[in-house]
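target_24.txt follows; it contains compact mmCIF, C-alpha atoms.
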# COMPACT_ATOMS: atom_id res chain seq x y z
CA MET D 1 7.01 9.79 -29.69
CA PHE D 2 5.11 7.43 -27.37
CA ASN D 3 5.23 9.44 -24.14
CA VAL D 4 2.98 12.43 -23.56
CA GLY D 5 3.96 15.02 -21.02
CA PRO D 6 5.11 15.47 -18.39
CA VAL D 7 2.03 17.32 -17.15
CA ASP D 8 1.22 18.87 -13.80
CA THR D 9 -1.39 17.01 -11.78
CA SER D 10 -2.72 17.02 -8.26
CA GLY D 11 -4.24 14.41 -5.99
CA GLY D 12 -3.03 12.04 -3.34
CA GLN D 13 -2.96 8.39 -2.31
CA ALA D 14 -5.88 8.53 0.13
CA ILE D 15 -8.42 10.55 -1.86
CA VAL D 16 -10.77 10.01 -4.80
CA ASN D 17 -8.35 11.77 -7.17
CA ALA D 18 -5.77 9.05 -6.55
CA THR D 19 -2.17 9.76 -7.53
CA GLY D 20 0.98 8.66 -5.83
CA TRP D 21 4.52 9.60 -4.98
CA ASP D 22 7.26 8.43 -2.64
CA ALA D 23 8.64 11.07 -0.28
CA ARG D 24 11.98 9.21 -0.17
CA ASN D 25 12.37 10.04 -3.87
CA GLY D 26 10.81 13.51 -3.81
CA TYR D 27 7.26 14.72 -4.15
CA GLN D 28 6.87 14.32 -7.90
CA VAL D 29 3.84 12.21 -8.81
CA ASP D 30 5.09 8.90 -10.19
CA TRP D 31 1.90 6.85 -10.56
CA VAL D 32 -1.63 7.70 -11.66
CA PRO D 33 -4.81 5.82 -12.60
CA SER D 34 -5.08 5.00 -16.31
CA MET D 35 -8.85 5.53 -16.31
CA ARG D 36 -11.46 7.17 -14.12
CA MET D 37 -15.08 6.05 -14.23
CA ILE D 38 -18.28 7.13 -12.45
CA VAL D 39 -21.11 4.63 -12.95
CA ASP D 40 -24.69 5.74 -12.32
CA LEU D 41 -26.42 2.44 -11.54
CA SER D 42 -29.86 4.09 -11.63
CA ASN D 43 -29.22 5.44 -15.14
CA LEU D 44 -26.29 3.85 -16.96
CA ASP D 45 -26.38 6.53 -19.68
CA GLY D 46 -25.66 9.07 -16.94
CA SER D 47 -22.27 7.45 -16.31
CA ARG D 48 -19.00 9.30 -16.99
CA TRP D 49 -15.42 8.26 -17.78
CA VAL D 50 -12.04 9.43 -19.06
CA GLN D 51 -8.81 7.68 -20.02
CA LEU D 52 -5.35 8.94 -19.11
CA THR D 53 -4.32 9.64 -22.67
CA GLY D 54 -6.87 8.85 -25.35
CA GLU D 55 -8.95 6.23 -27.12
CA SER D 56 -6.31 5.11 -29.61
CA GLY D 57 -3.18 3.10 -28.91
CA HIS D 58 -1.66 4.27 -32.21
CA ALA D 59 0.90 7.03 -31.60
CA PHE D 60 0.08 8.79 -34.88
CA SER D 61 -3.68 8.91 -34.29
CA ALA D 62 -5.37 12.19 -33.35
CA HIS D 63 -7.01 10.21 -30.52
CA TYR D 64 -3.72 8.98 -29.00
CA HIS D 65 -3.67 11.70 -26.31
CA ASP D 66 -6.87 13.68 -26.86
CA GLN D 67 -8.24 12.94 -23.36
CA LEU D 68 -5.12 13.89 -21.39
CA GLU D 69 -6.19 17.45 -20.60
CA LEU D 70 -9.65 16.25 -19.50
CA TRP D 71 -8.03 13.62 -17.26
CA ARG D 72 -5.43 16.05 -15.87
CA THR D 73 -8.03 18.65 -14.91
CA GLY D 74 -10.53 16.19 -13.39
CA ARG D 75 -13.08 16.40 -16.19
CA ASN D 76 -14.70 13.45 -17.96
CA LEU D 77 -16.89 12.34 -20.87
CA PRO D 78 -20.31 10.70 -21.17
CA MET D 79 -20.23 6.91 -21.01
CA ARG D 80 -23.19 5.70 -23.03
CA TRP D 81 -24.75 2.23 -22.72
CA ASN D 82 -28.00 2.54 -24.65
CA ARG D 83 -27.52 1.60 -28.33
CA ASP D 84 -29.76 4.44 -29.57
CA ALA D 85 -27.76 7.00 -27.58
CA ILE D 86 -24.48 5.53 -28.85
CA VAL D 87 -25.59 5.67 -32.49
CA HIS D 88 -27.05 9.17 -32.08
CA GLU D 89 -23.89 10.62 -30.47
CA SER D 90 -21.32 8.77 -32.58
CA VAL D 91 -19.02 10.87 -34.71
CA ASP D 92 -17.30 8.07 -36.61
CA HIS D 93 -18.29 4.55 -37.55
CA LEU D 94 -16.04 1.62 -38.40
CA THR D 95 -17.49 -1.27 -40.37
CA LEU D 96 -15.43 -4.45 -40.61
CA ARG D 97 -16.25 -6.83 -43.41
CA PRO D 98 -14.59 -10.17 -44.17

Exercise: express the given structure as structure tokens:
Amino acid sequence: MFNVGPVDTSGGQAIVNATGWDARNGYQVDWVPSMRMIVDLSNLDGSRWVQLTGESGHAFSAHYHDQLELWRTGRNLPMRWNRDAIVHESVDHLTLRP
């Protein structure tokens, strides 16, 4: 219920697409980064990111593992910083009131 996969992935310990394995135990990948992020310091709204599984930590949420395929295939999502861009591109809004 809480684990997603296994999934095939590529990469290596000494490259940008960092993944790891121990040859003494076989060549199956046994560690991966939980998030990848590319920050454009000249234009923060041009930054990109992806999480290993998804945005939600709730196993029954549709967003629990909705980023896994993006992560696995080396793709990513826009990482917005400007409030106007965030509001414009938002799909859902959560308002908390006391």

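Between D:Ile86 and the residues D:Gly57, D:Asp45, D:Trp71, D:Gly5, the shortest atom-to-atom distance, using only C-alpha atoms, involves D:Asp45.
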
note = Computed gap from atom CA of D:Asn76 to atom CA of D:Asn17 is 12.6 Å

request  = Please indicate the distance in Å from atom CA of D:Thr73 to atom CA of D:Arg36, rounded to one decimal place.
outcome  =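 Atom CA of D:Arg36 lies at a distance of 12.0 Å from atom CA of D:Thr73.
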
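Residue nearest D:Gly74 within the list D:Gly12, D:Val50, D:Gly20, D:Asp40: D:Val50 [criterion: smallest interatomic distance, only C-alpha atoms].
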
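The space separating atom CA of D:His88 from atom CA of D:Ala59 comes to 28.0 Å.
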
message = Under the rule that all atoms listed in the file are counted, which of D:Pro98, D:Pro78, D:Gly11, D:Pro6 is the nearest residue to D:Met37?
response =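 Between D:Pro98, D:Pro78, D:Gly11, D:Pro6, the residue approaching D:Met37 most closely is D:Pro78.
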
query = Leaving out D:Phe2 and any residue of its chain fewer than 5 positions from it, which residues lie within 12 Å of it when counting all atoms listed in the file, given as a list of chain:residue names?
reply = D:Thr53, D:Ser56, D:Gly57, D:His58, D:Ala59, D:Phe60, D:Ser61, D:Tyr64, D:His65
